[in-house]
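K.L.:
I am sharing target.pdb, which consists of PDB, C-alpha atoms:
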ATOM      1  CA  MET A 555      -8.008 -10.877  -8.774
ATOM      2  CA  LEU A 556      -4.238 -11.083  -8.768
ATOM      3  CA  ARG A 557      -1.657 -13.283  -7.088
ATOM      4  CA  ALA A 558       1.736 -11.613  -6.848
ATOM      5  CA  GLU A 559       5.101 -13.248  -6.194
ATOM      6  CA  LEU A 560       8.540 -11.760  -5.679
ATOM      7  CA  HIS A 561      11.506 -14.026  -6.286
ATOM      8  CA  ASN A 562      14.861 -12.933  -4.812
ATOM      9  CA  LEU A 563      14.122  -9.288  -5.564
ATOM     10  CA  SER A 564      16.932  -6.734  -5.196
ATOM     11  CA  VAL A 565      17.013  -2.986  -5.852
ATOM     12  CA  HIS A 566      20.287  -1.046  -5.960
ATOM     13  CA  PHE A 567      20.848   2.696  -6.304
ATOM     14  CA  GLY A 568      24.556   2.828  -6.989
ATOM     15  CA  SER A 569      26.206   1.222  -3.977
ATOM     16  CA  TYR A 570      23.063   1.607  -1.859
ATOM     17  CA  GLN A 571      20.938  -1.544  -1.543
ATOM     18  CA  ALA A 572      17.280  -0.625  -1.054
ATOM     19  CA  LEU A 573      16.166  -4.280  -1.222
ATOM     20  CA  GLN A 574      18.301  -7.369  -0.793
ATOM     21  CA  GLY A 575      17.000 -10.714  -2.070
ATOM     22  CA  VAL A 576      13.371 -10.378  -0.943
ATOM     23  CA  SER A 577      11.004 -13.256  -1.786
ATOM     24  CA  LEU A 578       7.255 -13.115  -1.010
ATOM     25  CA  GLU A 579       4.046 -14.817  -2.146
ATOM     26  CA  ILE A 580       0.942 -12.623  -1.848
ATOM     27  CA  PRO A 581      -2.259 -14.646  -2.335
ATOM     28  CA  VAL A 582      -5.461 -13.387  -3.929
ATOM     29  CA  GLY A 583      -7.802 -11.372  -1.717
ATOM     30  CA  GLN A 584      -5.485 -10.834   1.242
ATOM     31  CA  TYR A 585      -4.641  -7.728   3.235
ATOM     32  CA  TRP A 586      -0.895  -7.443   3.790
ATOM     33  CA  VAL A 587       0.965  -4.874   5.873
ATOM     34  CA  VAL A 588       4.646  -4.182   5.183
ATOM     35  CA  LEU A 589       6.159  -2.656   8.309
ATOM     36  CA  GLY A 590       9.501  -0.926   8.699
ATOM     37  CA  GLU A 591      11.324   2.273   9.534
ATOM     38  CA  ASN A 592      12.102   4.959   6.961
ATOM     39  CA  GLY A 593      14.732   3.589   4.587
ATOM     40  CA  ALA A 594      13.724  -0.025   5.177
ATOM     41  CA  GLY A 595      12.902  -0.555   1.484
ATOM     42  CA  LYS A 596       9.108  -0.429   1.743
ATOM     43  CA  SER A 597       8.536   2.109  -1.041
ATOM     44  CA  SER A 598      10.943   0.317  -3.387
ATOM     45  CA  LEU A 599       9.031  -2.910  -2.783
ATOM     46  CA  LEU A 600       5.699  -1.309  -3.700
ATOM     47  CA  ARG A 601       7.096   0.494  -6.731
ATOM     48  CA  CYS A 602       8.394  -2.805  -8.077
ATOM     49  CA  LEU A 603       5.043  -4.497  -7.433
ATOM     50  CA  ALA A 604       3.243  -1.606  -9.130
ATOM     51  CA  LEU A 605       5.564  -1.982 -12.149
ATOM     52  CA  TRP A 606       6.629   1.631 -11.679
ATOM     53  CA  MET A 607      10.239   0.579 -11.191
ATOM     54  CA  ARG A 608      12.328  -2.302 -12.491
ATOM     55  CA  PRO A 609      14.322  -4.289  -9.951
ATOM     56  CA  SER A 610      18.082  -4.599 -10.232
ATOM     57  CA  ALA A 611      17.765  -8.372  -9.905
ATOM     58  CA  GLY A 612      15.106 -10.985  -9.300
ATOM     59  CA  LEU A 613      11.724 -11.807 -10.800
ATOM     60  CA  ILE A 614       8.162 -10.556 -10.299
ATOM     61  CA  THR A 615       5.315 -12.823 -11.387
ATOM     62  CA  ILE A 616       1.654 -11.838 -11.320
ATOM     63  CA  ASP A 617      -0.888 -14.581 -11.896
ATOM     64  CA  GLY A 618       2.001 -16.691 -13.139
ATOM     65  CA  TYR A 619       3.117 -14.184 -15.783
ATOM     66  CA  ASP A 620       6.511 -12.507 -15.828
ATOM     67  CA  ALA A 621       5.407  -8.986 -14.895
ATOM     68  CA  LEU A 622       8.134  -7.239 -16.865
ATOM     69  CA  LEU A 623       7.218  -9.104 -20.061
ATOM     70  CA  HIS A 624       3.473  -8.462 -19.647
ATOM     71  CA  GLU A 625       3.655  -5.018 -18.095
ATOM     72  CA  ARG A 626       1.073  -3.295 -20.295
ATOM     73  CA  GLN A 627      -1.583  -5.957 -19.729
ATOM     74  CA  LEU A 628      -1.082  -6.068 -15.967
ATOM     75  CA  ARG A 629      -0.697  -2.413 -15.052
ATOM     76  CA  SER A 630      -4.358  -1.626 -15.738
ATOM     77  CA  ARG A 631      -5.312  -4.050 -12.950
ATOM     78  CA  ILE A 632      -2.877  -2.606 -10.410
ATOM     79  CA  LYS A 633      -3.271   0.748  -8.654
ATOM     80  CA  PHE A 634      -0.526   2.350  -6.584
ATOM     81  CA  VAL A 635      -0.937   5.383  -4.320
ATOM     82  CA  PRO A 636       2.481   6.829  -3.371
ATOM     83  CA  ASP A 637       3.050   8.516  -0.029
ATOM     84  CA  THR A 638       2.811  11.941  -1.689
ATOM     85  CA  PRO A 639       0.297  11.712  -4.552
ATOM     86  CA  THR A 640       0.298  14.315  -7.316
ATOM     87  CA  PHE A 641      -2.627  15.860  -9.180
ATOM     88  CA  TYR A 642      -3.291  18.041 -12.214
ATOM     89  CA  ALA A 643      -3.335  21.663 -11.083
ATOM     90  CA  GLU A 644      -6.045  22.675 -13.564
ATOM     91  CA  LEU A 645      -8.543  19.942 -12.562
ATOM     92  CA  THR A 646     -10.925  19.902  -9.602
ATOM     93  CA  ALA A 647     -11.315  16.763  -7.504
ATOM     94  CA  TRP A 648     -14.469  15.810  -9.421
ATOM     95  CA  GLU A 649     -12.791  16.425 -12.777
ATOM     96  CA  HIS A 650     -10.027  14.028 -11.685
ATOM     97  CA  ALA A 651     -12.715  11.381 -11.116
ATOM     98  CA  GLN A 652     -14.210  12.164 -14.525
ATOM     99  CA  MET A 653     -10.780  11.709 -16.129
ATOM    100  CA  ILE A 654     -10.219   8.341 -14.398
ATOM    101  CA  ALA A 655     -13.647   7.161 -15.556
ATOM    102  CA  ALA A 656     -12.875   8.147 -19.148
ATOM    103  CA  MET A 657      -9.431   6.505 -19.095
ATOM    104  CA  HIS A 658     -10.874   3.222 -17.788
ATOM    105  CA  ARG A 659     -14.096   3.447 -19.827
ATOM    106  CA  ILE A 660     -16.267   3.167 -16.713
ATOM    107  CA  ALA A 661     -19.963   3.429 -17.557
ATOM    108  CA  ASN A 662     -22.378   5.158 -15.147
ATOM    109  CA  TRP A 663     -19.446   6.213 -13.012
ATOM    110  CA  SER A 664     -20.810   9.344 -11.349
ATOM    111  CA  SER A 665     -22.958   7.647  -8.703
ATOM    112  CA  ARG A 666     -20.095   5.343  -7.724
ATOM    113  CA  ALA A 667     -17.736   8.315  -7.596
ATOM    114  CA  MET A 668     -20.091  10.253  -5.340
ATOM    115  CA  ASP A 669     -20.423   7.237  -3.039
ATOM    116  CA  LEU A 670     -16.626   7.153  -2.731
ATOM    117  CA  PHE A 671     -16.377  10.899  -2.115
ATOM    118  CA  HIS A 672     -18.973  10.493   0.630
ATOM    119  CA  ALA A 673     -17.238   7.452   2.138
ATOM    120  CA  PHE A 674     -14.007   9.451   2.439
ATOM    121  CA  SER A 675     -15.777  12.595   3.731
ATOM    122  CA  LEU A 676     -14.857  14.583   0.630
ATOM    123  CA  ASP A 677     -18.356  15.020  -0.803
ATOM    124  CA  GLN A 678     -18.416  18.698   0.210
ATOM    125  CA  HIS A 679     -15.138  19.318  -1.615
ATOM    126  CA  THR A 680     -15.732  17.883  -5.095
ATOM    127  CA  LYS A 681     -15.413  21.273  -6.838
ATOM    128  CA  VAL A 682     -12.203  22.170  -5.013
ATOM    129  CA  TYR A 683      -8.737  21.921  -6.572
ATOM    130  CA  PRO A 684      -6.646  19.251  -4.787
ATOM    131  CA  ALA A 685      -3.854  21.754  -4.165
ATOM    132  CA  SER A 686      -6.193  23.343  -1.594
ATOM    133  CA  TYR A 687      -6.670  20.031   0.227
ATOM    134  CA  SER A 688      -4.779  19.066   3.363
ATOM    135  CA  ARG A 689      -2.240  16.266   2.989
ATOM    136  CA  GLY A 690      -4.673  13.774   4.512
ATOM    137  CA  MET A 691      -7.443  14.863   2.134
ATOM    138  CA  GLN A 692      -5.085  14.549  -0.815
ATOM    139  CA  TYR A 693      -4.232  10.986   0.146
ATOM    140  CA  LYS A 694      -7.917  10.105   0.517
ATOM    141  CA  LEU A 695      -8.637  11.621  -2.905
ATOM    142  CA  ALA A 696      -5.852   9.591  -4.529
ATOM    143  CA  LEU A 697      -7.175   6.452  -2.844
ATOM    144  CA  LEU A 698     -10.763   6.960  -3.922
ATOM    145  CA  LEU A 699      -9.644   7.649  -7.503
ATOM    146  CA  SER A 700      -7.789   4.322  -7.438
ATOM    147  CA  LEU A 701     -10.855   2.539  -6.063
ATOM    148  CA  LEU A 702     -13.032   4.083  -8.756
ATOM    149  CA  ALA A 703     -11.000   2.073 -11.282
ATOM    150  CA  ASN A 704     -11.792  -1.133  -9.303
ATOM    151  CA  PRO A 705      -8.272  -2.616  -9.280
ATOM    152  CA  SER A 706      -7.470  -6.238  -8.525
ATOM    153  CA  LEU A 707      -4.318  -5.273  -6.607
ATOM    154  CA  LEU A 708      -4.213  -2.082  -4.525
ATOM    155  CA  LEU A 709      -0.848  -0.811  -3.254
ATOM    156  CA  LEU A 710      -0.732   1.994  -0.663
ATOM    157  CA  ASP A 711       2.490   3.637   0.491
ATOM    158  CA  GLU A 712       2.244   5.038   4.055
ATOM    159  CA  PRO A 713      -1.522   5.706   3.965
ATOM    160  CA  PHE A 714      -1.904   6.035   7.749
ATOM    161  CA  GLY A 715       0.740   8.728   8.239
ATOM    162  CA  PRO A 716      -1.246  11.737   6.892
ATOM    163  CA  LEU A 717      -4.461  10.751   8.735
ATOM    164  CA  ASP A 718      -5.718  11.481  12.232
ATOM    165  CA  PRO A 719      -6.336   8.450  14.518
ATOM    166  CA  ALA A 720     -10.068   8.244  13.733
ATOM    167  CA  ALA A 721      -9.419   8.358   9.970
ATOM    168  CA  GLN A 722      -6.647   5.762  10.378
ATOM    169  CA  ASP A 723      -9.095   3.366  12.023
ATOM    170  CA  GLN A 724     -11.737   3.998   9.349
ATOM    171  CA  LEU A 725      -9.214   3.306   6.594
ATOM    172  CA  ALA A 726      -7.982   0.115   8.282
ATOM    173  CA  GLN A 727     -11.554  -1.157   8.494
ATOM    174  CA  ARG A 728     -12.283  -0.255   4.862
ATOM    175  CA  LEU A 729      -9.158  -2.055   3.639
ATOM    176  CA  ARG A 730     -10.246  -5.134   5.552
ATOM    177  CA  GLN A 731     -13.649  -4.907   3.839
ATOM    178  CA  LEU A 732     -12.098  -4.565   0.372
ATOM    179  CA  CYS A 733     -10.085  -7.746   0.906
ATOM    180  CA  ASP A 734     -13.145  -9.585   2.176
ATOM    181  CA  GLU A 735     -14.733  -8.623  -1.159
ATOM    182  CA  GLY A 736     -11.803 -10.171  -3.077
ATOM    183  CA  MET A 737      -9.338  -7.330  -3.659
ATOM    184  CA  SER A 738      -5.663  -7.867  -2.806
ATOM    185  CA  VAL A 739      -4.233  -5.004  -0.736
ATOM    186  CA  VAL A 740      -0.626  -4.311   0.280
ATOM    187  CA  VAL A 741       0.036  -1.397   2.638
ATOM    188  CA  THR A 742       3.374  -0.042   3.851
ATOM    189  CA  THR A 743       3.600   1.766   7.175
ATOM    190  CA  HIS A 744       5.839   2.565  10.111
ATOM    191  CA  VAL A 745       2.828   3.034  12.443
ATOM    192  CA  LEU A 746       0.057   0.531  13.136
ATOM    193  CA  PRO A 747      -3.462   1.690  14.064
ATOM    194  CA  GLU A 748      -4.914  -0.315  16.930
ATOM    195  CA  THR A 749      -7.764  -1.490  14.676
ATOM    196  CA  VAL A 750      -5.506  -2.859  11.949
ATOM    197  CA  ASN A 751      -6.501  -6.414  11.183
ATOM    198  CA  PRO A 752      -4.481  -7.704   8.208
ATOM    199  CA  ASP A 753      -4.005 -11.274   7.088
ATOM    200  CA  HIS A 754      -0.227 -11.049   7.005
ATOM    201  CA  LEU A 755       2.664  -8.942   8.278
ATOM    202  CA  VAL A 756       5.997  -8.408   6.543
ATOM    203  CA  PHE A 757       8.801  -6.628   8.389
ATOM    204  CA  LEU A 758      11.683  -5.048   6.473
ATOM    205  CA  ASN A 759      14.859  -3.634   7.958
ATOM    206  CA  GLN A 760      17.587  -2.005   5.860
ATOM    207  CA  GLY A 761      16.349  -3.725   2.715
ATOM    208  CA  GLN A 762      16.236  -7.196   4.227
ATOM    209  CA  LEU A 763      13.196  -9.362   4.894
ATOM    210  CA  ILE A 764      13.115  -9.981   8.649
ATOM    211  CA  LEU A 765       9.602 -11.297   9.201
ATOM    212  CA  ASP A 766       7.012 -12.905   6.906
ATOM    213  CA  TRP A 767       4.219 -14.196   9.180
ATOM    214  CA  PRO A 768       0.442 -14.607   9.271
ATOM    215  CA  TRP A 769      -1.113 -11.951  11.516
ATOM    216  CA  GLU A 770      -2.325 -14.534  14.042
ATOM    217  CA  GLN A 771       1.247 -15.702  14.560
ATOM    218  CA  VAL A 772       2.438 -12.115  15.054
ATOM    219  CA  MET A 773      -0.266 -11.464  17.667
ATOM    220  CA  HIS A 774       0.580 -14.691  19.484
ATOM    221  CA  GLN A 775       4.312 -13.937  19.532
ATOM    222  CA  TYR A 776       4.040 -10.183  20.185
ATOM    223  CA  PRO A 777       0.828  -9.460  22.156
ATOM    224  CA  GLY A 778       0.127  -5.998  23.504
ATOM    225  CA  ASN A 779       0.299  -2.432  22.204
ATOM    226  CA  LEU A 780       0.588  -2.374  18.418
ATOM    227  CA  SER A 781       2.309   1.016  18.433
ATOM    228  CA  THR A 782       5.385  -0.587  20.033
ATOM    229  CA  LEU A 783       5.485  -3.567  17.651
ATOM    230  CA  PRO A 784       8.109  -2.098  15.268
ATOM    231  CA  TYR A 785      10.476  -1.449  18.181
ATOM    232  CA  ARG A 786       9.925  -4.899  19.646
ATOM    233  CA  LEU A 787      10.676  -6.473  16.273
ATOM    234  CA  LEU A 788      13.803  -4.371  15.868
ATOM    235  CA  SER A 789      14.995  -5.216  19.372
ATOM    236  CA  ASN A 790      15.322  -8.864  18.319
ATOM    237  CA  GLN A 791      17.803  -7.981  15.580
ATOM    238  CA  PRO A 792      21.518  -8.629  16.265
ATOM    239  CA  GLY A 793      23.410  -5.456  17.035
ATOM    240  CA  HIS A 794      20.323  -3.291  17.598
ATOM    241  CA  PRO A 795      21.009  -0.676  20.306
ATOM    242  CA  THR A 796      17.997  -1.706  22.391
ATOM    243  CA  GLY A 797      19.724  -4.980  23.069
ATOM    244  CA  GLY A 798      16.476  -6.892  23.504
ATOM    245  CA  LEU A 799      15.228  -4.611  26.292
ATOM    246  CA  LEU A 800      11.874  -3.751  24.670
TER     247      LEU A 800
END
Just dump the structure as structure tokens.
P.N.:
Amino acid sequence: MLRAELHNLSVHFGSYQALQGVSLEIPVGQYWVVLGENGAGKSSLLRCLALWMRPSAGLITIDGYDALLHERQLRSRIKFVPDTPTFYAELTAWEHAQMIAAMHRIANWSSRAMDLFHAFSLDQHTKVYPASYSRGMQYKLALLLSLLANPSLLLLDEPFGPLDPAAQDQLAQRLRQLCDEGMSVVVTTHVLPETVNPDHLVFLNQGQLILDWPWEQVMHQYPGNLSTLPYRLLSNQPGHPTGGLL
């Protein structure tokens, strides 16, 4: 299992600052939700954690190692599902699973793969090409392929957006279960299913870290409808147009 730390992390695209001096400590086996509007810096944060992108400044350490100096050793233990996953056009869903198993040298993989296809309600679509899937089905396929590799750190960018409410709740419960089994999970979202039950909430706004609290503290400070939580958090920010009315 992996412990990840961000130290004063910044990401710049020209004059645009996607992240500004963000520092976080993500313990082993916890379920973290990173909340924020579009453009808050959530995807940049995950891409840095996944070692898909190098920060403009700051340091990432994973299990005490400088992630950029030990990138090859660490990446095999980290799986990242972007908000719009891509697939090989010539491979069926099952052939994608077969490829992942071969890449990670997973023995006796087929029964585990079928269990995952069943868990995500894709077991009737194993011989279908992912291009024929709906967006929600594509995200579930990308997620189950990541889980097949049994990562120590799972990073999901906007997983709830493509799913209907029932599937959102099922995913939230499964992520909770994975963390209870020892996996570290970090999820970005701008919507919160009512059944979400993370260990920790991070709130980003315009690249800045606004909130870094245990979930119990968030629920104590902001009880009520979770769907309004992003707006209530934003309303506390100086200069926000809601002016503290929410």
K.L.:
Choose the residue, out of A:Glu559, A:Asp718, A:Asp677, A:Asp734, that has the smallest atom-to-atom separation from Gly690 (chain A); count only C-alpha atoms.
P.N.:
A:Asp718
K.L.:
Hey, which of A:Gly736, A:Thr638, A:Ala558, A:Leu783 ends up closest to Ser597 (chain A)? Count only C-alpha atoms.
P.N.:
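Counting only C-alpha atoms, the residue closest to Ser597 (chain A) is A:Thr638.
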K.L.:
Would you mind listing, for every residue of region 668-785 of chain A within 12 Å of region 624-630 of chain A, the two atoms forming the shortest contact and the distance between them in Å to one decimal, using all atoms listed in the file, sorted by chain and ascending residue number, as a Markdown table?
P.N.:
| residue | atom | partner | partner_atom | distance |
| --- | --- | --- | --- | --- |
| A:Ser700 | CA | A:Ser630 | CA | 10.8 |
| A:Ala703 | CA | A:Ser630 | CA | 8.8 |
| A:Asn704 | CA | A:Ser630 | CA | 9.8 |
| A:Pro705 | CA | A:Ser630 | CA | 7.6 |
| A:Ser706 | CA | A:Ser630 | CA | 9.1 |
| A:Leu707 | CA | A:Arg629 | CA | 9.6 |
| A:Leu708 | CA | A:Arg629 | CA | 11.1 |
| A:Leu709 | CA | A:Arg629 | CA | 11.9 |
K.L.:
Applying 10 Å and all atoms listed in the file, which residues near His650 (chain A) remain after dropping the ones on its own chain fewer than 2 positions away? List them as a list in words.
P.N.:
Phe641, Tyr642, Glu644, Leu645, Thr646, Ala647, Trp648, Gln652, Met653, Ile654, Ala655, Ala656, Thr680, Tyr683, Pro684, Leu695, Ala696 and Leu699 of chain A
K.L.:
Set the distance at 6 Å and use all atoms listed in the file: which residues neighbour Leu560 (chain A) once local chain neighbours fewer than 4 positions away are removed? I'd like the list as a list of chain:residue names.
P.N.:
A:Ser577, A:Leu578, A:Ile614
K.L.:
Which residue, A:Leu763, A:Leu725, A:Leu670, A:Met691, has the smallest gap to Ser564 (chain A) when you use only C-alpha atoms?
P.N.:
A:Leu763
K.L.:
List the spatial neighbours of Ala572 (chain A) as a PyMOL selection string - criterion: any atom at most 9 Å away, all atoms listed in the file, same-chain residues fewer than 3 positions off excluded.
P.N.:
chain A and resi 564-567+593-596+598-599+760-762
K.L.:
I'd like to see the residues matched by the PyMOL selection byres ((chain A and resi 611-613) around 12) on this file, and ideally I'd get them as a PyMOL selection string.
P.N.:
chain A and resi 558-566+571-579+602-603+605+607-610+614-616+618-623
K.L.:
Which polymer residues have any atom within 12 Å of an atom of Gln775 (chain A), counting all atoms listed in the file, with same-chain residues fewer than 5 positions away left out, as a CSV table (one decimal) with C-alpha atoms, in the coordinates of the input?
P.N.:
chain,number,residue,atom,x,y,z
A,765,LEU,CA,9.6,-11.3,9.2
A,767,TRP,CA,4.2,-14.2,9.2
A,768,PRO,CA,0.4,-14.6,9.3
A,769,TRP,CA,-1.1,-12.0,11.5
A,770,GLU,CA,-2.3,-14.5,14.0
A,783,LEU,CA,5.5,-3.6,17.7
A,786,ARG,CA,9.9,-4.9,19.6
A,787,LEU,CA,10.7,-6.5,16.3
K.L.:
CA of Met668 (chain A) to CA of Ile632 (chain A): how many Å, to one decimal?
P.N.:
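About the pair CA of Met668 (chain A) and CA of Ile632 (chain A): they are 22.1 Å apart.
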K.L.:
Have a look at CA of Gly590 (chain A) and CA of Pro639 (chain A) and let me know their distance in Å, one decimal.
P.N.:
20.5 Å
K.L.:
If I take CA of Gln771 (chain A) and CA of Val635 (chain A), how far is one from the other in Å, to one decimal?
P.N.:
28.4 Å
K.L.:
Would you list the contacts of Val750 (chain A) as a PyMOL selection string, taking every protein, DNA or RNA residue within 9 Å and counting all atoms listed in the file, but skipping same-chain residues closer than 5 positions in sequence?
P.N.:
chain A and resi 722-723+725-727+730+780
K.L.:
As AutoDock Vina command-line options, what would the box around region 692-696 of chain A look like: edges along x, y and z, 5 Å added on every side, centre and edge lengths in Å to one decimal?
P.N.:
--center_x -6.4 --center_y 12.1 --center_z -2.0 --size_x 14.4 --size_y 15.0 --size_z 15.0
K.L.:
List every protein, DNA or RNA residue that has an atom no more than 7 Å from (-10.7, 9.8, 0.9) in the file's coordinate frame, counting all atoms listed in the file, and report them as a ChimeraX atom specification.
P.N.:
/A:671,674-676,691,693-695,697-698
K.L.:
Given the choices A:Gln584, A:Asn662, A:Ser569, A:Gln724, which gets closest to Ser738 (chain A) if the distance is worked out from only C-alpha atoms?
P.N.:
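Using only C-alpha atoms, Ser738 (chain A) sits closest to A:Gln584.
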K.L.:
Can you check which parts of region 739-784 of chain A lie within 8 Å of region 710-713 of chain A? Per residue, the shortest pair of atoms and distance in Å to one decimal, counting all atoms listed in the file, sorted by chain and number, as CSV.
P.N.:
residue,atom,partner,partner_atom,distance
A:Val739,CA,A:Leu710,CA,7.8
A:Val740,CA,A:Leu710,CA,6.4
A:Val741,CA,A:Leu710,CA,4.8
A:Thr742,CA,A:Asp711,CA,5.1
A:Thr743,CA,A:Glu712,CA,4.7
A:His744,CA,A:Glu712,CA,7.5
